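Undergrad: One structure coming up, written as structure tokens, with questions to follow.
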Amino acid sequence: MPKDMVVPAKAAPGLSLQEMKQFVTNHFERFVNQKDSAVAFYSFSPDFVDHDEPTGVGIGPDAAKAMMEAAYAKWPDLHVTIEDILAEGDKVMVRNVWTATDSASGQRISFAGFVLWRFASGKIVERWATLTPSTPLGENSDDSRHTLDQR
């Protein structure tokens with residue numbers, strides 16, 4: 001973690017456990033599946049910290065917005081499916097599967113991951129994520145789980 005980075009303060013999540021799960025579900029749908037990068041300004045607090053952004057720790061909604069816009073360019077059909085979602089205290093954990101087609105190569109890929117979100121005052125204030133390496137999908141494969149389960 002960079003020395004000058006300030007982790008957002010702890011505060012009540014501002015939402016019930018069920019509301020936090022629905023918030024994350026809606027966030028993924030809009031931010032990833034509907035390619036609405038501006039949702040970053042609704043979902044994330046101004047001091048939001050992404051501990052696992054691909055280019056390094058990201059601060060604020062602008063960093064998240066830029067990261068997703070780069071992803072949309074690389075994978076125009078990027079799609080995420082939530083497989084499991086759990087909430088406890090001020091956090092929501094999601095297990096998900098992503099599919100996409102690389103815009104340069106045309107290769108269909110799939111990868112899976114876990115994302116942990118922390119809430120404060122009705123906004124997402126921190127994110128941690130772990131992703132598997134991408135796996136090529138067959139030309140006729142519509143089900144990413146089939147390919148992932150073959151490992």
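Letters A, B, ... go to the chains of the structure tokens in the order shown; residues in each chain start at 1; ligands are counted from 1 in the same order.
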If you count only C-alpha atoms, which residues fall within 8 Å of segment 106-117 of chain A, apart from same-chain ones fewer than 6 positions away, as number ranges by chain?
TA: A: 91-100, 124-139, 144, 147-148
Undergrad: For a quick check of understanding, using only C-alpha atoms, which of A:Ala11, A:Ala40, A:Ala71, A:Val24 has the smallest distance to Ile59 of chain A?
TA: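 Of A:Ala11, A:Ala40, A:Ala71, A:Val24, the one nearest Ile59 of chain A, counting only C-alpha atoms, is A:Ala40.
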Undergrad: Write out as a count of residues only which residues come within 12 Å of Glu69 of chain A when counting only C-alpha atoms, dropping same-chain ones fewer than 6 positions away.
TA: 14
Undergrad: Mind listing the alpha helix (DSSP H) residues of segment 4-145 of chain A, per DSSP on the backbone, as an NGL selection string?
TA: :A and (17-28 or 40-43 or 60-74 or 144-145)
Undergrad: Just the selected residues (N, CA and C atoms), exported as a compact mmCIF listing (two decimals), in the first residue's frame, please.
TA:
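result18.txt, written as the output of this step:
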# COMPACT_ATOMS: atom_id res chain seq x y z
N LEU A 17 -27.85 -5.97 5.17
CA LEU A 17 -27.09 -6.98 4.45
C LEU A 17 -27.72 -7.27 3.09
N GLN A 18 -29.05 -7.40 3.05
CA GLN A 18 -29.74 -7.66 1.79
C GLN A 18 -29.59 -6.48 0.83
N GLU A 19 -29.67 -5.26 1.35
CA GLU A 19 -29.50 -4.08 0.50
C GLU A 19 -28.08 -3.98 -0.06
N MET A 20 -27.07 -4.36 0.75
CA MET A 20 -25.70 -4.35 0.24
C MET A 20 -25.53 -5.37 -0.87
N LYS A 21 -26.10 -6.57 -0.71
CA LYS A 21 -26.01 -7.58 -1.75
C LYS A 21 -26.69 -7.10 -3.04
N GLN A 22 -27.86 -6.47 -2.90
CA GLN A 22 -28.55 -5.96 -4.09
C GLN A 22 -27.77 -4.82 -4.73
N PHE A 23 -27.14 -3.98 -3.92
CA PHE A 23 -26.31 -2.88 -4.42
C PHE A 23 -25.18 -3.43 -5.29
N VAL A 24 -24.48 -4.46 -4.78
CA VAL A 24 -23.37 -5.06 -5.53
C VAL A 24 -23.88 -5.72 -6.81
N THR A 25 -25.00 -6.43 -6.73
CA THR A 25 -25.59 -7.06 -7.91
C THR A 25 -25.91 -6.01 -8.97
N ASN A 26 -26.56 -4.92 -8.56
CA ASN A 26 -26.88 -3.83 -9.49
C ASN A 26 -25.62 -3.17 -10.04
N HIS A 27 -24.62 -3.01 -9.18
CA HIS A 27 -23.36 -2.40 -9.60
C HIS A 27 -22.72 -3.23 -10.72
N PHE A 28 -22.58 -4.53 -10.52
CA PHE A 28 -22.00 -5.39 -11.55
C PHE A 28 -22.81 -5.33 -12.84
N ALA A 40 -19.68 4.43 -11.58
CA ALA A 40 -18.62 4.55 -10.57
C ALA A 40 -18.89 5.71 -9.62
N PHE A 41 -19.45 6.80 -10.14
CA PHE A 41 -19.71 7.97 -9.29
C PHE A 41 -20.90 7.76 -8.36
N TYR A 42 -21.75 6.81 -8.68
CA TYR A 42 -22.88 6.46 -7.81
C TYR A 42 -22.45 5.42 -6.77
N SER A 43 -21.69 4.42 -7.21
CA SER A 43 -21.36 3.27 -6.36
C SER A 43 -20.24 3.54 -5.37
N GLY A 60 -10.41 6.54 -5.66
CA GLY A 60 -11.53 7.32 -6.15
C GLY A 60 -12.26 6.70 -7.32
N PRO A 61 -13.46 7.18 -7.60
CA PRO A 61 -14.25 6.63 -8.69
C PRO A 61 -13.65 6.86 -10.07
N ASP A 62 -12.88 7.93 -10.26
CA ASP A 62 -12.28 8.18 -11.58
C ASP A 62 -11.35 7.04 -11.99
N ALA A 63 -10.58 6.51 -11.04
CA ALA A 63 -9.66 5.40 -11.35
C ALA A 63 -10.45 4.16 -11.76
N ALA A 64 -11.53 3.87 -11.06
CA ALA A 64 -12.36 2.71 -11.40
C ALA A 64 -13.01 2.89 -12.76
N LYS A 65 -13.49 4.09 -13.03
CA LYS A 65 -14.13 4.40 -14.32
C LYS A 65 -13.14 4.19 -15.46
N ALA A 66 -11.93 4.70 -15.31
CA ALA A 66 -10.90 4.57 -16.35
C ALA A 66 -10.52 3.10 -16.56
N MET A 67 -10.40 2.34 -15.47
CA MET A 67 -10.06 0.94 -15.58
C MET A 67 -11.12 0.18 -16.36
N MET A 68 -12.40 0.44 -16.09
CA MET A 68 -13.46 -0.27 -16.80
C MET A 68 -13.55 0.18 -18.25
N GLU A 69 -13.32 1.44 -18.54
CA GLU A 69 -13.36 1.89 -19.93
C GLU A 69 -12.26 1.21 -20.75
N ALA A 70 -11.10 0.97 -20.14
CA ALA A 70 -10.04 0.22 -20.82
C ALA A 70 -10.47 -1.23 -21.03
N ALA A 71 -11.16 -1.80 -20.04
CA ALA A 71 -11.66 -3.18 -20.18
C ALA A 71 -12.70 -3.27 -21.29
N TYR A 72 -13.61 -2.28 -21.38
CA TYR A 72 -14.62 -2.29 -22.45
C TYR A 72 -13.95 -2.26 -23.82
N ALA A 73 -12.86 -1.52 -23.96
CA ALA A 73 -12.16 -1.44 -25.25
C ALA A 73 -11.48 -2.77 -25.58
N LYS A 74 -10.88 -3.40 -24.58
CA LYS A 74 -10.19 -4.67 -24.79
C LYS A 74 -11.18 -5.81 -25.01
N SER A 144 -19.30 -20.65 -19.78
CA SER A 144 -17.94 -20.53 -19.25
C SER A 144 -17.66 -21.56 -18.17
N ARG A 145 -18.69 -21.99 -17.43
CA ARG A 145 -18.46 -22.94 -16.35
C ARG A 145 -17.97 -24.28 -16.91
Undergrad: As a PyMOL selection string, please: every residue in chain A that DSSP puts in strand (DSSP E).
TA: chain A and resi 44-50+58-59+79-88+91-101+108-120+123-131+135-136
Undergrad: Once you have the residues from the selection above, write them out as a short mmCIF file (atom, residue, chain, number, x, y, z; two decimals), in the first residue's frame, restricted to N, CA and C atoms.
TA:
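Result saved to selection.cif:
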data_model
loop_
_atom_site.label_atom_id
_atom_site.label_comp_id
_atom_site.auth_asym_id
_atom_site.auth_seq_id
_atom_site.Cartn_x
_atom_site.Cartn_y
_atom_site.Cartn_z
N PHE A 44 -19.22 4.27 -5.80
CA PHE A 44 -18.00 4.42 -5.00
C PHE A 44 -17.95 5.76 -4.27
N SER A 45 -17.41 5.73 -3.06
CA SER A 45 -17.20 6.97 -2.30
C SER A 45 -16.06 7.75 -2.96
N PRO A 46 -15.98 9.06 -2.69
CA PRO A 46 -14.89 9.86 -3.26
C PRO A 46 -13.51 9.35 -2.86
N ASP A 47 -13.40 8.71 -1.67
CA ASP A 47 -12.11 8.20 -1.20
C ASP A 47 -11.98 6.69 -1.40
N PHE A 48 -12.80 6.11 -2.28
CA PHE A 48 -12.77 4.68 -2.59
C PHE A 48 -11.35 4.21 -2.88
N VAL A 49 -10.98 3.05 -2.32
CA VAL A 49 -9.66 2.45 -2.55
C VAL A 49 -9.85 1.07 -3.17
N ASP A 50 -9.26 0.89 -4.34
CA ASP A 50 -9.24 -0.42 -5.00
C ASP A 50 -7.84 -1.00 -4.77
N GLY A 58 -5.85 1.85 -6.85
CA GLY A 58 -6.62 2.94 -7.44
C GLY A 58 -7.37 3.70 -6.37
N ILE A 59 -7.40 5.01 -6.48
CA ILE A 59 -8.09 5.86 -5.50
C ILE A 59 -9.20 6.62 -6.21
N HIS A 79 -18.73 -9.71 -19.85
CA HIS A 79 -19.94 -10.03 -19.09
C HIS A 79 -19.55 -10.76 -17.82
N VAL A 80 -20.21 -10.42 -16.73
CA VAL A 80 -19.96 -11.09 -15.45
C VAL A 80 -21.25 -11.73 -14.97
N THR A 81 -21.10 -12.93 -14.41
CA THR A 81 -22.21 -13.64 -13.79
C THR A 81 -21.85 -13.90 -12.34
N ILE A 82 -22.72 -13.49 -11.44
CA ILE A 82 -22.51 -13.74 -10.02
C ILE A 82 -22.95 -15.17 -9.73
N GLU A 83 -22.04 -15.96 -9.19
CA GLU A 83 -22.33 -17.34 -8.83
C GLU A 83 -22.76 -17.45 -7.37
N ASP A 84 -22.11 -16.69 -6.49
CA ASP A 84 -22.44 -16.68 -5.06
C ASP A 84 -22.23 -15.27 -4.53
N ILE A 85 -23.05 -14.90 -3.55
CA ILE A 85 -22.90 -13.59 -2.91
C ILE A 85 -23.23 -13.74 -1.43
N LEU A 86 -22.34 -13.25 -0.58
CA LEU A 86 -22.51 -13.33 0.87
C LEU A 86 -22.28 -11.95 1.47
N ALA A 87 -22.97 -11.66 2.54
CA ALA A 87 -22.77 -10.37 3.22
C ALA A 87 -22.70 -10.60 4.73
N GLU A 88 -21.80 -9.84 5.35
CA GLU A 88 -21.66 -9.88 6.80
C GLU A 88 -21.04 -8.56 7.25
N LYS A 91 -19.35 -5.83 4.83
CA LYS A 91 -18.72 -6.38 3.62
C LYS A 91 -19.65 -7.30 2.84
N VAL A 92 -19.39 -7.34 1.52
CA VAL A 92 -20.07 -8.26 0.60
C VAL A 92 -18.98 -9.00 -0.17
N MET A 93 -19.10 -10.33 -0.22
CA MET A 93 -18.16 -11.17 -0.98
C MET A 93 -18.92 -11.79 -2.14
N VAL A 94 -18.32 -11.72 -3.32
CA VAL A 94 -18.93 -12.26 -4.53
C VAL A 94 -17.95 -13.23 -5.19
N ARG A 95 -18.49 -14.39 -5.60
CA ARG A 95 -17.75 -15.32 -6.47
C ARG A 95 -18.40 -15.18 -7.83
N ASN A 96 -17.58 -14.90 -8.85
CA ASN A 96 -18.18 -14.64 -10.16
C ASN A 96 -17.38 -15.28 -11.29
N VAL A 97 -18.03 -15.34 -12.45
CA VAL A 97 -17.42 -15.85 -13.67
C VAL A 97 -17.57 -14.77 -14.74
N TRP A 98 -16.48 -14.49 -15.42
CA TRP A 98 -16.43 -13.47 -16.46
C TRP A 98 -16.19 -14.14 -17.81
N THR A 99 -16.83 -13.64 -18.85
CA THR A 99 -16.56 -14.08 -20.22
C THR A 99 -16.36 -12.84 -21.08
N ALA A 100 -15.59 -13.01 -22.15
CA ALA A 100 -15.31 -11.87 -23.03
C ALA A 100 -14.65 -12.36 -24.31
N THR A 101 -14.64 -11.48 -25.28
CA THR A 101 -13.91 -11.71 -26.53
C THR A 101 -12.85 -10.63 -26.65
N ARG A 108 -12.26 -15.89 -27.56
CA ARG A 108 -13.21 -15.88 -26.43
C ARG A 108 -12.49 -16.44 -25.22
N ILE A 109 -12.65 -15.78 -24.09
CA ILE A 109 -12.00 -16.21 -22.85
C ILE A 109 -13.00 -16.24 -21.71
N SER A 110 -12.56 -16.88 -20.64
CA SER A 110 -13.33 -16.93 -19.40
C SER A 110 -12.34 -16.85 -18.25
N PHE A 111 -12.74 -16.21 -17.18
CA PHE A 111 -11.97 -16.24 -15.95
C PHE A 111 -12.93 -16.11 -14.79
N ALA A 112 -12.48 -16.51 -13.63
CA ALA A 112 -13.33 -16.49 -12.44
C ALA A 112 -12.64 -15.65 -11.37
N GLY A 113 -13.40 -15.27 -10.36
CA GLY A 113 -12.79 -14.48 -9.31
C GLY A 113 -13.65 -14.33 -8.08
N PHE A 114 -13.02 -13.73 -7.09
CA PHE A 114 -13.69 -13.35 -5.85
C PHE A 114 -13.47 -11.86 -5.67
N VAL A 115 -14.50 -11.16 -5.29
CA VAL A 115 -14.39 -9.73 -5.01
C VAL A 115 -14.99 -9.47 -3.63
N LEU A 116 -14.25 -8.77 -2.80
CA LEU A 116 -14.72 -8.37 -1.48
C LEU A 116 -14.88 -6.86 -1.48
N TRP A 117 -16.09 -6.40 -1.17
CA TRP A 117 -16.41 -4.98 -1.13
C TRP A 117 -16.68 -4.57 0.31
N ARG A 118 -16.17 -3.40 0.73
CA ARG A 118 -16.51 -2.85 2.05
C ARG A 118 -17.35 -1.61 1.84
N PHE A 119 -18.41 -1.49 2.65
CA PHE A 119 -19.34 -0.36 2.57
C PHE A 119 -19.17 0.56 3.77
N ALA A 120 -19.46 1.83 3.55
CA ALA A 120 -19.58 2.83 4.62
C ALA A 120 -20.54 3.91 4.11
N LYS A 123 -22.13 3.62 0.51
CA LYS A 123 -21.27 3.58 -0.68
C LYS A 123 -20.21 2.48 -0.51
N ILE A 124 -19.65 2.03 -1.63
CA ILE A 124 -18.52 1.12 -1.59
C ILE A 124 -17.27 1.96 -1.34
N VAL A 125 -16.50 1.58 -0.31
CA VAL A 125 -15.31 2.36 0.04
C VAL A 125 -14.00 1.60 -0.20
N GLU A 126 -14.07 0.26 -0.28
CA GLU A 126 -12.87 -0.52 -0.56
C GLU A 126 -13.22 -1.76 -1.38
N ARG A 127 -12.24 -2.20 -2.18
CA ARG A 127 -12.39 -3.41 -2.99
C ARG A 127 -11.08 -4.20 -2.97
N TRP A 128 -11.23 -5.52 -2.80
CA TRP A 128 -10.13 -6.46 -2.96
C TRP A 128 -10.61 -7.51 -3.95
N ALA A 129 -9.74 -7.99 -4.82
CA ALA A 129 -10.17 -8.98 -5.82
C ALA A 129 -9.06 -9.96 -6.12
N THR A 130 -9.47 -11.17 -6.44
CA THR A 130 -8.57 -12.22 -6.89
C THR A 130 -9.20 -12.83 -8.13
N LEU A 131 -8.42 -12.94 -9.21
CA LEU A 131 -8.92 -13.50 -10.46
C LEU A 131 -8.05 -14.67 -10.89
N THR A 135 -8.97 -18.44 -19.44
CA THR A 135 -8.99 -19.72 -20.13
C THR A 135 -9.68 -19.52 -21.47
N PRO A 136 -9.08 -19.98 -22.57
CA PRO A 136 -9.76 -19.85 -23.87
C PRO A 136 -11.05 -20.65 -23.89
#
